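Reproduced below: structure_23.pdb, with PDB, C-alpha atoms, pLDDT in the B column.
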```
ATOM      1  CA  MET Q   1       0.000   0.000   0.000  1.00 60.00           C
ATOM      2  CA  ALA Q   2       1.422   3.392  -0.945  1.00 88.00           C
ATOM      3  CA  ALA Q   3       2.199   5.557   2.083  1.00 91.00           C
ATOM      4  CA  LEU Q   4      -0.298   8.337   1.349  1.00 93.00           C
ATOM      5  CA  ASP Q   5      -3.060   5.892   0.403  1.00 92.00           C
ATOM      6  CA  SER Q   6      -2.475   4.102   3.690  1.00 93.00           C
ATOM      7  CA  LEU Q   7      -2.775   7.311   5.706  1.00 94.00           C
ATOM      8  CA  LEU Q   8      -5.898   8.401   3.820  1.00 92.00           C
ATOM      9  CA  SER Q   9      -7.660   5.053   4.284  1.00 92.00           C
ATOM     10  CA  ARG Q  10      -6.861   4.322   7.949  1.00 95.00           C
ATOM     11  CA  SER Q  11      -9.695   4.285  10.462  1.00 95.00           C
ATOM     12  CA  SER Q  12      -9.988   2.998  13.992  1.00 96.00           C
ATOM     13  CA  THR Q  13     -11.806  -0.254  14.621  1.00 96.00           C
ATOM     14  CA  ASP Q  14     -12.369  -2.613  17.505  1.00 96.00           C
ATOM     15  CA  ALA Q  15     -13.841  -5.245  15.164  1.00 96.00           C
ATOM     16  CA  LEU Q  16     -10.632  -7.232  15.537  1.00 98.00           C
ATOM     17  CA  SER Q  17      -9.791 -10.918  15.490  1.00 98.00           C
ATOM     18  CA  GLU Q  18      -6.712 -13.118  15.443  1.00 98.00           C
ATOM     19  CA  PRO Q  19      -4.039 -12.883  14.355  1.00 98.00           C
ATOM     20  CA  ALA Q  20      -2.311  -9.888  15.817  1.00 99.00           C
ATOM     21  CA  PRO Q  21       1.113  -8.984  14.515  1.00 99.00           C
ATOM     22  CA  ASP Q  22       4.030 -10.695  16.210  1.00 98.00           C
ATOM     23  CA  GLY Q  23       7.728 -11.321  15.773  1.00 98.00           C
ATOM     24  CA  SER Q  24       9.609  -9.056  13.403  1.00 98.00           C
ATOM     25  CA  VAL Q  25       6.395  -7.538  12.012  1.00 99.00           C
ATOM     26  CA  LEU Q  26       5.372  -6.358  15.483  1.00 99.00           C
ATOM     27  CA  GLU Q  27       8.903  -5.141  16.148  1.00 99.00           C
ATOM     28  CA  ASP Q  28       8.814  -3.058  12.958  1.00 99.00           C
ATOM     29  CA  ILE Q  29       5.400  -1.648  13.863  1.00 99.00           C
ATOM     30  CA  LEU Q  30       6.556  -0.665  17.354  1.00 99.00           C
ATOM     31  CA  SER Q  31       9.775   0.760  15.921  1.00 98.00           C
ATOM     32  CA  THR Q  32       7.763   3.423  14.108  1.00 98.00           C
ATOM     33  CA  ALA Q  33       7.379   5.099  17.500  1.00 98.00           C
ATOM     34  CA  MET Q  34      11.059   5.968  17.346  1.00 97.00           C
ATOM     35  CA  ARG Q  35      10.317   8.319  14.429  1.00 98.00           C
ATOM     36  CA  ALA Q  36       7.648  10.316  16.254  1.00 98.00           C
ATOM     37  CA  PRO Q  37       8.197  14.041  16.860  1.00 98.00           C
ATOM     38  CA  ASP Q  38       9.922  14.254  20.227  1.00 98.00           C
ATOM     39  CA  HIS Q  39      11.232  17.604  21.482  1.00 97.00           C
ATOM     40  CA  GLY Q  40      14.335  16.934  23.566  1.00 97.00           C
ATOM     41  CA  ARG Q  41      14.587  13.323  22.381  1.00 97.00           C
ATOM     42  CA  LEU Q  42      13.221  12.122  25.709  1.00 98.00           C
ATOM     43  CA  ARG Q  43      11.400   9.176  24.120  1.00 98.00           C
ATOM     44  CA  PRO Q  44       8.744   9.267  26.837  1.00 98.00           C
ATOM     45  CA  TRP Q  45       6.753   6.326  25.491  1.00 98.00           C
ATOM     46  CA  ARG Q  46       6.813   2.871  27.040  1.00 98.00           C
ATOM     47  CA  TYR Q  47       4.769  -0.113  25.864  1.00 98.00           C
ATOM     48  CA  VAL Q  48       3.495  -3.135  27.757  1.00 98.00           C
ATOM     49  CA  LEU Q  49       2.199  -5.966  25.566  1.00 99.00           C
ATOM     50  CA  ILE Q  50      -0.747  -7.954  26.919  1.00 99.00           C
ATOM     51  CA  ARG Q  51      -1.771 -11.120  25.101  1.00 98.00           C
ATOM     52  CA  GLY Q  52      -2.693 -14.742  25.698  1.00 97.00           C
ATOM     53  CA  GLU Q  53      -3.375 -15.725  29.289  1.00 98.00           C
ATOM     54  CA  ALA Q  54      -2.496 -12.242  30.571  1.00 98.00           C
ATOM     55  CA  ARG Q  55      -5.602 -10.736  28.927  1.00 98.00           C
ATOM     56  CA  PRO Q  56      -8.171 -11.888  31.527  1.00 98.00           C
ATOM     57  CA  LYS Q  57      -5.838 -10.711  34.310  1.00 98.00           C
ATOM     58  CA  LEU Q  58      -5.733  -7.229  32.801  1.00 98.00           C
ATOM     59  CA  ALA Q  59      -9.505  -7.327  32.324  1.00 98.00           C
ATOM     60  CA  GLU Q  60     -10.006  -8.026  36.034  1.00 98.00           C
ATOM     61  CA  LEU Q  61      -7.728  -5.113  36.974  1.00 98.00           C
ATOM     62  CA  VAL Q  62      -9.730  -2.831  34.682  1.00 98.00           C
ATOM     63  CA  VAL Q  63     -13.025  -4.032  36.183  1.00 98.00           C
ATOM     64  CA  ALA Q  64     -11.679  -3.630  39.732  1.00 97.00           C
ATOM     65  CA  GLY Q  65     -10.830  -0.030  38.910  1.00 96.00           C
ATOM     66  CA  MET Q  66     -14.310   0.562  37.513  1.00 96.00           C
ATOM     67  CA  LEU Q  67     -15.917  -0.770  40.682  1.00 97.00           C
ATOM     68  CA  ALA Q  68     -13.578   1.221  42.928  1.00 96.00           C
ATOM     69  CA  ARG Q  69     -14.627   4.430  41.167  1.00 95.00           C
ATOM     70  CA  ASP Q  70     -18.329   3.540  41.011  1.00 96.00           C
ATOM     71  CA  PRO Q  71     -19.654   0.542  42.973  1.00 96.00           C
ATOM     72  CA  ASP Q  72     -23.011   0.973  41.203  1.00 98.00           C
ATOM     73  CA  VAL Q  73     -21.698   0.629  37.655  1.00 96.00           C
ATOM     74  CA  PRO Q  74     -24.211  -1.402  35.614  1.00 97.00           C
ATOM     75  CA  ALA Q  75     -23.396  -5.088  35.214  1.00 97.00           C
ATOM     76  CA  ALA Q  76     -23.712  -4.836  31.417  1.00 98.00           C
ATOM     77  CA  LYS Q  77     -21.015  -2.157  31.305  1.00 97.00           C
ATOM     78  CA  ILE Q  78     -18.724  -4.271  33.488  1.00 97.00           C
ATOM     79  CA  GLU Q  79     -19.223  -7.313  31.284  1.00 98.00           C
ATOM     80  CA  LYS Q  80     -18.646  -5.343  28.091  1.00 97.00           C
ATOM     81  CA  ARG Q  81     -15.342  -3.977  29.347  1.00 97.00           C
ATOM     82  CA  ARG Q  82     -14.274  -7.368  30.744  1.00 98.00           C
ATOM     83  CA  THR Q  83     -15.025  -9.019  27.404  1.00 98.00           C
ATOM     84  CA  ARG Q  84     -13.177  -6.401  25.358  1.00 97.00           C
ATOM     85  CA  PHE Q  85     -10.010  -6.604  27.456  1.00 98.00           C
ATOM     86  CA  SER Q  86     -10.164 -10.419  27.661  1.00 98.00           C
ATOM     87  CA  THR Q  87     -10.639 -11.109  23.976  1.00 98.00           C
ATOM     88  CA  MET Q  88      -8.620  -8.593  21.969  1.00 98.00           C
ATOM     89  CA  PRO Q  89      -5.800 -10.431  20.182  1.00 99.00           C
ATOM     90  CA  LEU Q  90      -3.230  -7.956  21.513  1.00 99.00           C
ATOM     91  CA  THR Q  91      -3.517  -5.010  23.863  1.00 99.00           C
ATOM     92  CA  ILE Q  92      -0.715  -2.482  24.082  1.00 99.00           C
ATOM     93  CA  ALA Q  93      -0.666  -0.393  27.245  1.00 99.00           C
ATOM     94  CA  LEU Q  94       0.567   3.071  26.288  1.00 98.00           C
ATOM     95  CA  GLY Q  95       2.869   4.145  29.072  1.00 98.00           C
ATOM     96  CA  MET Q  96       4.105   7.681  29.607  1.00 97.00           C
ATOM     97  CA  HIS Q  97       7.562   7.901  31.162  1.00 96.00           C
ATOM     98  CA  LEU Q  98       7.243  11.546  32.161  1.00 96.00           C
ATOM     99  CA  ARG Q  99       9.990  13.791  33.483  1.00 96.00           C
ATOM    100  CA  PRO Q 100       8.348  16.682  35.360  1.00 96.00           C
ATOM    101  CA  GLU Q 101      11.754  18.173  36.221  1.00 96.00           C
ATOM    102  CA  ASP Q 102      12.903  18.333  32.587  1.00 97.00           C
ATOM    103  CA  LYS Q 103      13.006  21.615  30.665  1.00 98.00           C
ATOM    104  CA  ILE Q 104      10.657  20.047  28.089  1.00 98.00           C
ATOM    105  CA  PRO Q 105       7.094  20.859  29.254  1.00 98.00           C
ATOM    106  CA  LEU Q 106       4.954  17.896  30.305  1.00 96.00           C
ATOM    107  CA  ILE Q 107       2.413  18.663  27.595  1.00 97.00           C
ATOM    108  CA  GLU Q 108       5.109  18.249  24.955  1.00 98.00           C
ATOM    109  CA  GLN Q 109       6.171  14.948  26.503  1.00 98.00           C
ATOM    110  CA  GLU Q 110       2.542  13.777  26.432  1.00 98.00           C
ATOM    111  CA  MET Q 111       2.166  14.923  22.815  1.00 98.00           C
ATOM    112  CA  ALA Q 112       5.245  12.883  21.884  1.00 99.00           C
ATOM    113  CA  VAL Q 113       3.599   9.812  23.430  1.00 98.00           C
ATOM    114  CA  ALA Q 114       0.468  10.528  21.380  1.00 98.00           C
ATOM    115  CA  ALA Q 115       2.453  11.015  18.165  1.00 99.00           C
ATOM    116  CA  ALA Q 116       4.261   7.710  18.739  1.00 99.00           C
ATOM    117  CA  ALA Q 117       0.930   5.938  19.315  1.00 99.00           C
ATOM    118  CA  MET Q 118      -0.408   7.376  16.063  1.00 98.00           C
ATOM    119  CA  ASN Q 119       2.662   6.100  14.230  1.00 98.00           C
ATOM    120  CA  ILE Q 120       1.878   2.634  15.572  1.00 99.00           C
ATOM    121  CA  LEU Q 121      -1.764   2.849  14.459  1.00 99.00           C
ATOM    122  CA  ASN Q 122      -0.654   3.959  10.994  1.00 98.00           C
ATOM    123  CA  ALA Q 123       1.905   1.145  10.800  1.00 98.00           C
ATOM    124  CA  LEU Q 124      -0.717  -1.399  11.852  1.00 98.00           C
ATOM    125  CA  HIS Q 125      -2.940  -0.328   8.980  1.00 98.00           C
ATOM    126  CA  ALA Q 126      -0.062  -0.247   6.497  1.00 97.00           C
ATOM    127  CA  THR Q 127       0.767  -3.872   7.340  1.00 98.00           C
ATOM    128  CA  GLY Q 128      -2.817  -5.146   7.057  1.00 97.00           C
ATOM    129  CA  PHE Q 129      -3.677  -5.040  10.744  1.00 98.00           C
ATOM    130  CA  GLY Q 130      -5.953  -2.683  12.618  1.00 98.00           C
ATOM    131  CA  GLY Q 131      -6.461  -1.095  15.963  1.00 98.00           C
ATOM    132  CA  VAL Q 132      -8.206   1.422  18.121  1.00 98.00           C
ATOM    133  CA  TRP Q 133      -6.916   3.669  20.900  1.00 99.00           C
ATOM    134  CA  VAL Q 134      -9.096   3.423  24.014  1.00 98.00           C
ATOM    135  CA  THR Q 135      -8.931   5.870  26.886  1.00 97.00           C
ATOM    136  CA  GLY Q 136     -11.360   6.990  29.558  1.00 93.00           C
ATOM    137  CA  ASP Q 137     -11.385   6.493  33.309  1.00 92.00           C
ATOM    138  CA  MET Q 138      -9.074   3.485  33.134  1.00 91.00           C
ATOM    139  CA  ALA Q 139      -6.329   5.620  31.578  1.00 92.00           C
ATOM    140  CA  VAL Q 140      -6.200   7.789  34.695  1.00 92.00           C
ATOM    141  CA  ASP Q 141      -6.456   4.938  37.209  1.00 95.00           C
ATOM    142  CA  PRO Q 142      -3.265   5.091  39.317  1.00 95.00           C
ATOM    143  CA  ALA Q 143      -3.708   1.524  40.614  1.00 95.00           C
ATOM    144  CA  LEU Q 144      -3.981   0.145  37.079  1.00 97.00           C
ATOM    145  CA  ALA Q 145      -1.017   2.229  35.931  1.00 97.00           C
ATOM    146  CA  SER Q 146       1.034   0.969  38.879  1.00 97.00           C
ATOM    147  CA  ALA Q 147       0.098  -2.667  38.179  1.00 97.00           C
ATOM    148  CA  LEU Q 148       1.528  -2.192  34.685  1.00 98.00           C
ATOM    149  CA  GLY Q 149       4.729  -0.563  35.972  1.00 96.00           C
ATOM    150  CA  PHE Q 150       3.843   3.122  35.633  1.00 95.00           C
ATOM    151  CA  ASP Q 151       3.951   4.634  39.110  1.00 94.00           C
ATOM    152  CA  ALA Q 152       3.588   8.423  39.406  1.00 90.00           C
ATOM    153  CA  PRO Q 153       4.805  10.694  37.938  1.00 91.00           C
ATOM    154  CA  HIS Q 154       4.477   8.279  35.043  1.00 93.00           C
ATOM    155  CA  GLY Q 155       1.121   7.070  33.816  1.00 95.00           C
ATOM    156  CA  LEU Q 156      -1.045   5.670  31.072  1.00 97.00           C
ATOM    157  CA  ALA Q 157      -2.166   7.302  27.843  1.00 98.00           C
ATOM    158  CA  GLY Q 158      -4.670   4.514  27.271  1.00 98.00           C
ATOM    159  CA  PHE Q 159      -4.526   1.227  25.419  1.00 99.00           C
ATOM    160  CA  LEU Q 160      -4.293   0.115  21.818  1.00 99.00           C
ATOM    161  CA  PHE Q 161      -6.463  -2.865  20.903  1.00 99.00           C
ATOM    162  CA  VAL Q 162      -4.740  -4.636  18.014  1.00 99.00           C
ATOM    163  CA  GLY Q 163      -5.632  -7.433  15.615  1.00 99.00           C
ATOM    164  CA  THR Q 164      -6.886  -8.241  12.145  1.00 98.00           C
ATOM    165  CA  PRO Q 165      -9.785  -5.995  11.148  1.00 98.00           C
ATOM    166  CA  ASP Q 166     -13.091  -7.430   9.994  1.00 96.00           C
ATOM    167  CA  PRO Q 167     -13.056  -6.942   6.208  1.00 93.00           C
ATOM    168  CA  ASN Q 168     -16.849  -6.412   6.258  1.00 93.00           C
ATOM    169  CA  ARG Q 169     -16.849  -3.683   8.897  1.00 92.00           C
ATOM    170  CA  ALA Q 170     -18.445  -0.344   8.089  1.00 90.00           C
ATOM    171  CA  VAL Q 171     -15.727   2.227   7.447  1.00 90.00           C
ATOM    172  CA  PRO Q 172     -16.770   5.768   8.349  1.00 91.00           C
ATOM    173  CA  PRO Q 173     -16.566   8.312   5.537  1.00 92.00           C
ATOM    174  CA  ARG Q 174     -13.669  10.733   5.588  1.00 91.00           C
ATOM    175  CA  ARG Q 175     -14.711  14.260   6.547  1.00 92.00           C
ATOM    176  CA  PRO Q 176     -13.880  17.066   4.086  1.00 94.00           C
ATOM    177  CA  VAL Q 177     -10.532  18.589   5.014  1.00 96.00           C
ATOM    178  CA  GLU Q 178     -11.775  22.036   3.970  1.00 96.00           C
ATOM    179  CA  ASP Q 179     -13.899  22.162   7.145  1.00 96.00           C
ATOM    180  CA  TYR Q 180     -10.774  21.898   9.300  1.00 97.00           C
ATOM    181  CA  VAL Q 181      -8.361  24.211   7.485  1.00 97.00           C
ATOM    182  CA  ALA Q 182      -8.441  27.982   7.143  1.00 96.00           C
ATOM    183  CA  GLU Q 183      -6.010  30.493   5.773  1.00 96.00           C
ATOM    184  CA  TRP Q 184      -5.178  33.400   8.053  1.00 97.00           C
ATOM    185  CA  HIS Q 185      -5.236  36.938   6.620  1.00 97.00           C
ATOM    186  CA  GLY Q 186      -4.719  38.967   9.790  1.00 98.00           C
ATOM    187  CA  ALA Q 187      -8.090  38.403  11.486  1.00 97.00           C
ATOM    188  CA  PRO Q 188      -9.364  35.447  13.535  1.00 97.00           C
ATOM    189  CA  VAL Q 189     -10.423  32.519  11.364  1.00 96.00           C
ATOM    190  CA  THR Q 190     -13.649  30.534  11.399  1.00 94.00           C
ATOM    191  CA  PHE Q 191     -13.649  26.843  10.588  1.00 96.00           C
ATOM    192  CA  GLY Q 192     -16.411  25.104   8.692  1.00 93.00           C
ATOM    193  CA  ALA Q 193     -16.380  22.276  11.238  1.00 96.00           C
ATOM    194  CA  ASP Q 194     -17.272  24.769  13.987  1.00 95.00           C
ATOM    195  CA  LYS Q 195     -20.277  26.379  12.246  1.00 87.00           C
TER     196      LYS Q 195
END
```

For the file at hand, write its structure as structure tokens.
Amino acid sequence: MAALDSLLSRSSTDALSEPAPDGSVLEDILSTAMRAPDHGRLRPWRYVLIRGEARPKLAELVVAGMLARDPDVPAAKIEKRRTRFSTMPLTIALGMHLRPEDKIPLIEQEMAVAAAAMNILNALHATGFGGVWVTGDMAVDPALASALGFDAPHGLAGFLFVGTPDPNRAVPPRRPVEDYVAEWHGAPVTFGADK
């Protein structure tokens, strides 16, 4: 797949099945993180791979965090999250190895983590795999972060669910770029997407 075609056709999906990438293919995909924009070359990203028998263990940690935050969470929501984390072919925990004392602002360190994650999602698509970046309350759960090796000041930027995308899934249409781009002529701009 040509590089630009790959970027223009990528979309997130959690309609994923086996196989997930492994071996040298997975290594190449993860290596794309090393080309992400990274002010100060801090390389603040860290990845924990969860697959096989470790998946249900992670799912139980995620559910425990849900219940700790809200003991009245509906059973259907608990089961949905447990199933997702237990059955994805590969889950990549997106760790942030942050350096609050560094001259590089924390927001720039976090943006580097995000850029590296996007490189991975693009590489997954380019190699015939797929994924989705999931965040939410679990991404700011200090107990879950600690269980994965990210004690404060480090943390999680979420998880990537990874696998082979369903070829029959509905792919959302691409929005017109014109709604998100404006040329500045000295006065504040208005974007079509915001009208």

ask   = What's the 8 Å shell around range 57-67 of chain Q, counting all atoms listed in the file, without same-chain residues fewer than 6 positions away, as a PyMOL selection string?
value = chain Q and resi 50+73+78+81-86+137-138+141+143-144

remark   = re CA of Val134 in chain Q and CA of Phe159 in chain Q: distance 5.3 Å

task = To one decimal in Å, tell me the separation between CA of Lys195 in chain Q and CA of Pro173 in chain Q.
result =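 These two atoms are separated by 19.6 Å.
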
Expected selection from the PyMOL selection byres ((chain Q and resi 131) around 7), given as an mmCIF file with C-alpha atoms, in the frame of the given file:
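Here's the written file expr-v7.cif:
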```
data_model
loop_
_atom_site.group_PDB
_atom_site.id
_atom_site.type_symbol
_atom_site.label_atom_id
_atom_site.label_comp_id
_atom_site.auth_asym_id
_atom_site.auth_seq_id
_atom_site.Cartn_x
_atom_site.Cartn_y
_atom_site.Cartn_z
ATOM 1 C CA SER Q 12 -9.988 2.998 13.992
ATOM 2 C CA THR Q 13 -11.806 -0.254 14.621
ATOM 3 C CA ASP Q 14 -12.369 -2.613 17.505
ATOM 4 C CA LEU Q 121 -1.764 2.849 14.459
ATOM 5 C CA GLY Q 130 -5.953 -2.683 12.618
ATOM 6 C CA VAL Q 132 -8.206 1.422 18.121
ATOM 7 C CA TRP Q 133 -6.916 3.669 20.900
ATOM 8 C CA LEU Q 160 -4.293 0.115 21.818
ATOM 9 C CA PHE Q 161 -6.463 -2.865 20.903
ATOM 10 C CA VAL Q 162 -4.740 -4.636 18.014
ATOM 11 C CA GLY Q 163 -5.632 -7.433 15.615
#
```

task = Evaluate the PyMOL selection byres ((chain Q and resi 114) around 12) here and jot the selected residues down as a VMD selection string.
result = chain Q and resid 33 36 to 38 43 to 46 94 to 96 107 to 113 115 to 121 133 135 156 to 160

key: Chain and number of each residue from the PyMOL selection byres ((chain Q and resi 5-7) around 9), as a list in words   =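 Evaluating the PyMOL selection byres ((chain Q and resi 5-7) around 9) on these coordinates yields Met1, Ala2, Ala3, Leu4, Leu8, Ser9, Arg10, Ser11, Asn122, Ala123, His125 and Ala126 of chain Q.
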
query = Of the candidates Q:Glu53, Q:Glu79, Q:Asp179, Q:Asp166, which shows the shortest atom-to-atom distance to Ala193 in chain Q, using only C-alpha atoms?
reply =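 Nearest to Ala193 in chain Q: Q:Asp179.
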
task = Rank Q:Ala145, Q:Ala15, Q:Ala20, Q:Val140 by their smallest atom-to-atom distance to Pro167 in chain Q, using all atoms listed in the file, and report the top residue only.
result =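 Residue with the minimum atom-to-atom distance to Pro167 in chain Q: Q:Ala15.
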
ask   = Which is closest to Ile104 in chain Q among Q:Ala139, Q:Leu42, Q:Met34, Q:Leu124, if we use only C-alpha atoms?
value =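 With only C-alpha atoms as the atom set, the closest residue is Q:Leu42.
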
Rebuild N, CA and C atoms on range 169-186 of chain Q, as a PDB file, in the coordinates of the input?
```pdb
ATOM      1  N   ARG Q 169     -16.433  -4.743   7.977  1.00 92.00           N
ATOM      2  CA  ARG Q 169     -16.849  -3.683   8.897  1.00 92.00           C
ATOM      3  C   ARG Q 169     -17.231  -2.430   8.107  1.00 92.00           C
ATOM      4  N   ALA Q 170     -18.087  -1.631   8.692  1.00 90.00           N
ATOM      5  CA  ALA Q 170     -18.445  -0.344   8.089  1.00 90.00           C
ATOM      6  C   ALA Q 170     -17.310   0.636   8.360  1.00 90.00           C
ATOM      7  N   VAL Q 171     -16.802   1.242   7.313  1.00 90.00           N
ATOM      8  CA  VAL Q 171     -15.727   2.227   7.447  1.00 90.00           C
ATOM      9  C   VAL Q 171     -16.357   3.609   7.362  1.00 90.00           C
ATOM     10  N   PRO Q 172     -16.148   4.444   8.386  1.00 91.00           N
ATOM     11  CA  PRO Q 172     -16.770   5.768   8.349  1.00 91.00           C
ATOM     12  C   PRO Q 172     -16.215   6.606   7.203  1.00 91.00           C
ATOM     13  N   PRO Q 173     -17.067   7.457   6.616  1.00 92.00           N
ATOM     14  CA  PRO Q 173     -16.566   8.312   5.537  1.00 92.00           C
ATOM     15  C   PRO Q 173     -15.564   9.328   6.075  1.00 92.00           C
ATOM     16  N   ARG Q 174     -14.657   9.721   5.211  1.00 91.00           N
ATOM     17  CA  ARG Q 174     -13.669  10.733   5.588  1.00 91.00           C
ATOM     18  C   ARG Q 174     -14.331  12.102   5.495  1.00 91.00           C
ATOM     19  N   ARG Q 175     -14.152  12.901   6.532  1.00 92.00           N
ATOM     20  CA  ARG Q 175     -14.711  14.260   6.547  1.00 92.00           C
ATOM     21  C   ARG Q 175     -13.937  15.144   5.579  1.00 92.00           C
ATOM     22  N   PRO Q 176     -14.586  16.173   5.013  1.00 94.00           N
ATOM     23  CA  PRO Q 176     -13.880  17.066   4.086  1.00 94.00           C
ATOM     24  C   PRO Q 176     -12.846  17.918   4.821  1.00 94.00           C
ATOM     25  N   VAL Q 177     -11.624  17.871   4.354  1.00 96.00           N
ATOM     26  CA  VAL Q 177     -10.532  18.589   5.014  1.00 96.00           C
ATOM     27  C   VAL Q 177     -10.779  20.094   5.028  1.00 96.00           C
ATOM     28  N   GLU Q 178     -11.523  20.597   4.048  1.00 96.00           N
ATOM     29  CA  GLU Q 178     -11.775  22.036   3.970  1.00 96.00           C
ATOM     30  C   GLU Q 178     -12.457  22.574   5.226  1.00 96.00           C
ATOM     31  N   ASP Q 179     -13.217  21.721   5.927  1.00 96.00           N
ATOM     32  CA  ASP Q 179     -13.899  22.162   7.145  1.00 96.00           C
ATOM     33  C   ASP Q 179     -12.948  22.353   8.319  1.00 96.00           C
ATOM     34  N   TYR Q 180     -11.719  21.878   8.185  1.00 97.00           N
ATOM     35  CA  TYR Q 180     -10.774  21.898   9.300  1.00 97.00           C
ATOM     36  C   TYR Q 180      -9.525  22.715   9.012  1.00 97.00           C
ATOM     37  N   VAL Q 181      -9.517  23.415   7.892  1.00 97.00           N
ATOM     38  CA  VAL Q 181      -8.361  24.211   7.485  1.00 97.00           C
ATOM     39  C   VAL Q 181      -8.846  25.596   7.101  1.00 97.00           C
ATOM     40  N   ALA Q 182      -8.124  26.607   7.539  1.00 96.00           N
ATOM     41  CA  ALA Q 182      -8.441  27.982   7.143  1.00 96.00           C
ATOM     42  C   ALA Q 182      -7.135  28.718   6.912  1.00 96.00           C
ATOM     43  N   GLU Q 183      -7.184  29.664   6.026  1.00 96.00           N
ATOM     44  CA  GLU Q 183      -6.010  30.493   5.773  1.00 96.00           C
ATOM     45  C   GLU Q 183      -6.175  31.800   6.531  1.00 96.00           C
ATOM     46  N   TRP Q 184      -5.136  32.195   7.227  1.00 97.00           N
ATOM     47  CA  TRP Q 184      -5.178  33.400   8.053  1.00 97.00           C
ATOM     48  C   TRP Q 184      -4.759  34.609   7.228  1.00 97.00           C
ATOM     49  N   HIS Q 185      -5.528  35.694   7.343  1.00 97.00           N
ATOM     50  CA  HIS Q 185      -5.236  36.938   6.620  1.00 97.00           C
ATOM     51  C   HIS Q 185      -5.172  38.124   7.575  1.00 97.00           C
ATOM     52  N   GLY Q 186      -4.861  37.885   8.828  1.00 98.00           N
ATOM     53  CA  GLY Q 186      -4.719  38.967   9.790  1.00 98.00           C
ATOM     54  C   GLY Q 186      -5.857  39.087  10.779  1.00 98.00           C
TER      55      GLY Q 186
END
```
